[in-house]
Number of protein chains: 2
Amino acid sequence: MPLRKSSEDKLLDAVDELVFTRGIETTPVDAVLARAGVSAATLYRGFRSKEALIGAALERRHGRWRQVWDDAVDRAADDRLRLLAVFDALDDFAGRPDGARWCAFLGAAAELADPPAEIADALVRDTEHMRRTLRDLAARLPCDDPDDLAEAVLLVFSGELAMRLRDARPRRSTTGRRIAGTLVDAAVAGH
Amino acid sequence: MPLRKSSEDKLLDAVDELVFTRGIETTPVDAVLARAGVSAATLYRGFRSKEALIGAALERRHGRWRQVWDDAVDRAADDRLRLLAVFDALDDFAGRPDGARWCAFLGAAAELADPPAEIADALVRDTEHMRRTLRDLAARLPCDDPDDLAEAVLLVFSGELAMRLRDARPRRSTTGRRIAGTLVDAAVAGH
DNA sequence: GTCTATACGTGGATAGAC
DNA sequence: GTCTATCCACGTATAGAC
């Protein structure tokens, strides 16, 4: 844990704070440089392009999200709450200084109809990981079709994120969590 | 119904077909002009700016969406199906030639952290209208908290839209519709 | 009213000094 | 390794002719 951050870290931090809240296309590199306190030459020494920088920031962010989510799952008392823990994790993550306006991954997908490889890879990895993890958690519950339940939770989770675009004010995941709880109960009861 | 479209209409059509699938920031005005078959001067004669053009396209789109949704509600057999008709409307709308990749309104909100007035107004109008209409439809059902149910359906609807960003391939609203159906049933049963 | 041509700003990326 | 200065491409918007 170095006391002085490297230029790379400062740039990645700036991307988290600026790009993922203000948008990829609307945030010029200059703004990132100013926030990071480094010069353009330094950026292009460490990264091939703006897109590569953003791709790297998405990868780092994905790792951090996994960590927050894992922690929330570990805190949960039973299998039902472990599946719903994704909403606790969302609130934890959104509360961080680098918590974005809605979702950096969906945001990148929304802005870039066909993203460059560095970014596309990060997007696919995020969705695959979410789907796989939710399936594993749903499989521990006594229901007929855990994959189906996992997909429903993923949709509700994505909806909870999208609702952040409709009303500007900060928001907790209570509505999404309550919906998902109802779905889990219905799936378990119908078994 | 004029046989020859006006330049304004051709421009609005081009915005529907290009901007709302490829993104606002990533679609240059030149691409819109080429698609519409008019020149830059003509655009700026009819509209103050690119943003004003997009705002106008969003307004026209909102009216069309209302029409499609109203039709779907009219086709529905009972109050439960009338509330769920928003998903039928979504599939109808997405199937049109001007049906976008996910949602033009959420897309604009995602791209522009603080949009110009012309666009911001259209965004607010869309969400307000959706919320109001869903509340009216939910109020016809025997449940304890129709506003709550309406908000849940709006979240699921938004999630169905957001899921279109995760997997690229075309998608029907079956998952969202099934989830919403479960929520309606649970709300009515709990009454 | 619509076109051609162009002005003007801005953004991403690089060269070369230290 | 980082900075200053700069290049080049592109994107929005306008001027002036027809």
# chains A, B, ... in the order shown; residues from 1 in each chain; ligands from 1
call {"tool": "residues_around", "arguments": {"residues": "range 6-15 of chain C", "least_positions_apart": "4", "cutoff": "10 Å", "atoms": "only C-alpha atoms (C1' of nucleotides)", "output": "count of residues only"}}
result
20
call {"tool": "interface_residues", "arguments": {"of": "chain B", "to": "chain C", "cutoff": "9 Å", "atoms": "only C-alpha atoms (C1' of nucleotides)", "output": "PDB file with all heavy atoms, in the first residue's frame"}}
result
ATOM      1  N   VAL B  38     -30.677  15.981 -46.608  1.00  0.00           N
ATOM      2  CA  VAL B  38     -30.752  17.443 -46.642  1.00  0.00           C
ATOM      3  C   VAL B  38     -29.395  18.005 -46.215  1.00  0.00           C
ATOM      4  O   VAL B  38     -28.520  17.259 -45.775  1.00  0.00           O
ATOM      5  CB  VAL B  38     -31.858  17.986 -45.710  1.00  0.00           C
ATOM      6  CG1 VAL B  38     -33.213  17.423 -46.081  1.00  0.00           C
ATOM      7  CG2 VAL B  38     -31.532  17.679 -44.260  1.00  0.00           C
ATOM      8  N   SER B  39     -29.251  19.280 -46.315  1.00  0.00           N
ATOM      9  CA  SER B  39     -27.963  19.894 -46.000  1.00  0.00           C
ATOM     10  C   SER B  39     -28.000  20.559 -44.631  1.00  0.00           C
ATOM     11  O   SER B  39     -29.064  20.774 -44.055  1.00  0.00           O
ATOM     12  CB  SER B  39     -27.597  20.932 -47.048  1.00  0.00           C
ATOM     13  OG  SER B  39     -28.447  22.042 -46.913  1.00  0.00           O
ATOM     14  N   ALA B  41     -27.468  23.566 -43.714  1.00  0.00           N
ATOM     15  CA  ALA B  41     -28.186  24.843 -43.651  1.00  0.00           C
ATOM     16  C   ALA B  41     -29.679  24.622 -43.427  1.00  0.00           C
ATOM     17  O   ALA B  41     -30.335  25.371 -42.694  1.00  0.00           O
ATOM     18  CB  ALA B  41     -27.946  25.628 -44.934  1.00  0.00           C
ATOM     19  N   THR B  42     -30.205  23.582 -44.047  1.00  0.00           N
ATOM     20  CA  THR B  42     -31.634  23.288 -43.899  1.00  0.00           C
ATOM     21  C   THR B  42     -31.961  22.890 -42.456  1.00  0.00           C
ATOM     22  O   THR B  42     -33.002  23.293 -41.914  1.00  0.00           O
ATOM     23  CB  THR B  42     -32.036  22.160 -44.857  1.00  0.00           C
ATOM     24  OG1 THR B  42     -31.667  22.536 -46.190  1.00  0.00           O
ATOM     25  CG2 THR B  42     -33.530  21.924 -44.807  1.00  0.00           C
ATOM     26  N   ARG B  45     -32.016  25.901 -40.288  1.00  0.00           N
ATOM     27  CA  ARG B  45     -33.163  26.772 -40.579  1.00  0.00           C
ATOM     28  C   ARG B  45     -34.361  26.340 -39.757  1.00  0.00           C
ATOM     29  O   ARG B  45     -35.121  27.159 -39.265  1.00  0.00           O
ATOM     30  CB  ARG B  45     -33.508  26.651 -42.072  1.00  0.00           C
ATOM     31  CG  ARG B  45     -33.120  27.829 -42.866  1.00  0.00           C
ATOM     32  CD  ARG B  45     -33.916  27.906 -44.161  1.00  0.00           C
ATOM     33  NE  ARG B  45     -34.626  29.127 -44.277  1.00  0.00           N
ATOM     34  CZ  ARG B  45     -35.706  29.442 -43.554  1.00  0.00           C
ATOM     35  NH1 ARG B  45     -36.186  28.587 -42.716  1.00  0.00           N
ATOM     36  NH2 ARG B  45     -36.274  30.594 -43.696  1.00  0.00           N
TER      37      ARG B  45
END
call {"tool": "interface_residues", "arguments": {"of": "chain B", "to": "chain A", "cutoff": "7 Å", "atoms": "only C-alpha atoms", "output": "list in words"}}
result
Arg22, Gly23, Glu25, Leu106, Gly107, Ala109, Ala110, Glu111, Leu112, Ala113, Thr127, Ala152, Leu155, Val156, Ser158, Gly159, Glu160, Ala162, Met163, Leu165, Arg166, Thr175 and Ile179 of chain B
call {"tool": "closest_atom_pairs", "arguments": {"of": "chain D", "to": "chain A", "cutoff": "9 Å", "atoms": "only C-alpha atoms (C1' of nucleotides)", "output": "JSON lines"}}
result
{"residue": "D:DG1", "atom": "C1'", "partner": "A:Thr42", "partner_atom": "CA", "distance": 7.6}
{"residue": "D:DT2", "atom": "C1'", "partner": "A:Thr42", "partner_atom": "CA", "distance": 6.5}
{"residue": "D:DC3", "atom": "C1'", "partner": "A:Ser39", "partner_atom": "CA", "distance": 6.9}
call {"tool": "atom_distance", "arguments": {"atom1": "CA of Gly63 in chain A", "atom2": "CA of His129 in chain A"}}
result
10.7 Å
call {"tool": "select_by_dssp", "arguments": {"residues": "range 90-180 of chain A", "states": "helix (DSSP H, G or I)", "output": "PyMOL selection string"}}
result
chain A and resi 90-94+104-111+117-138+146-166+174-180
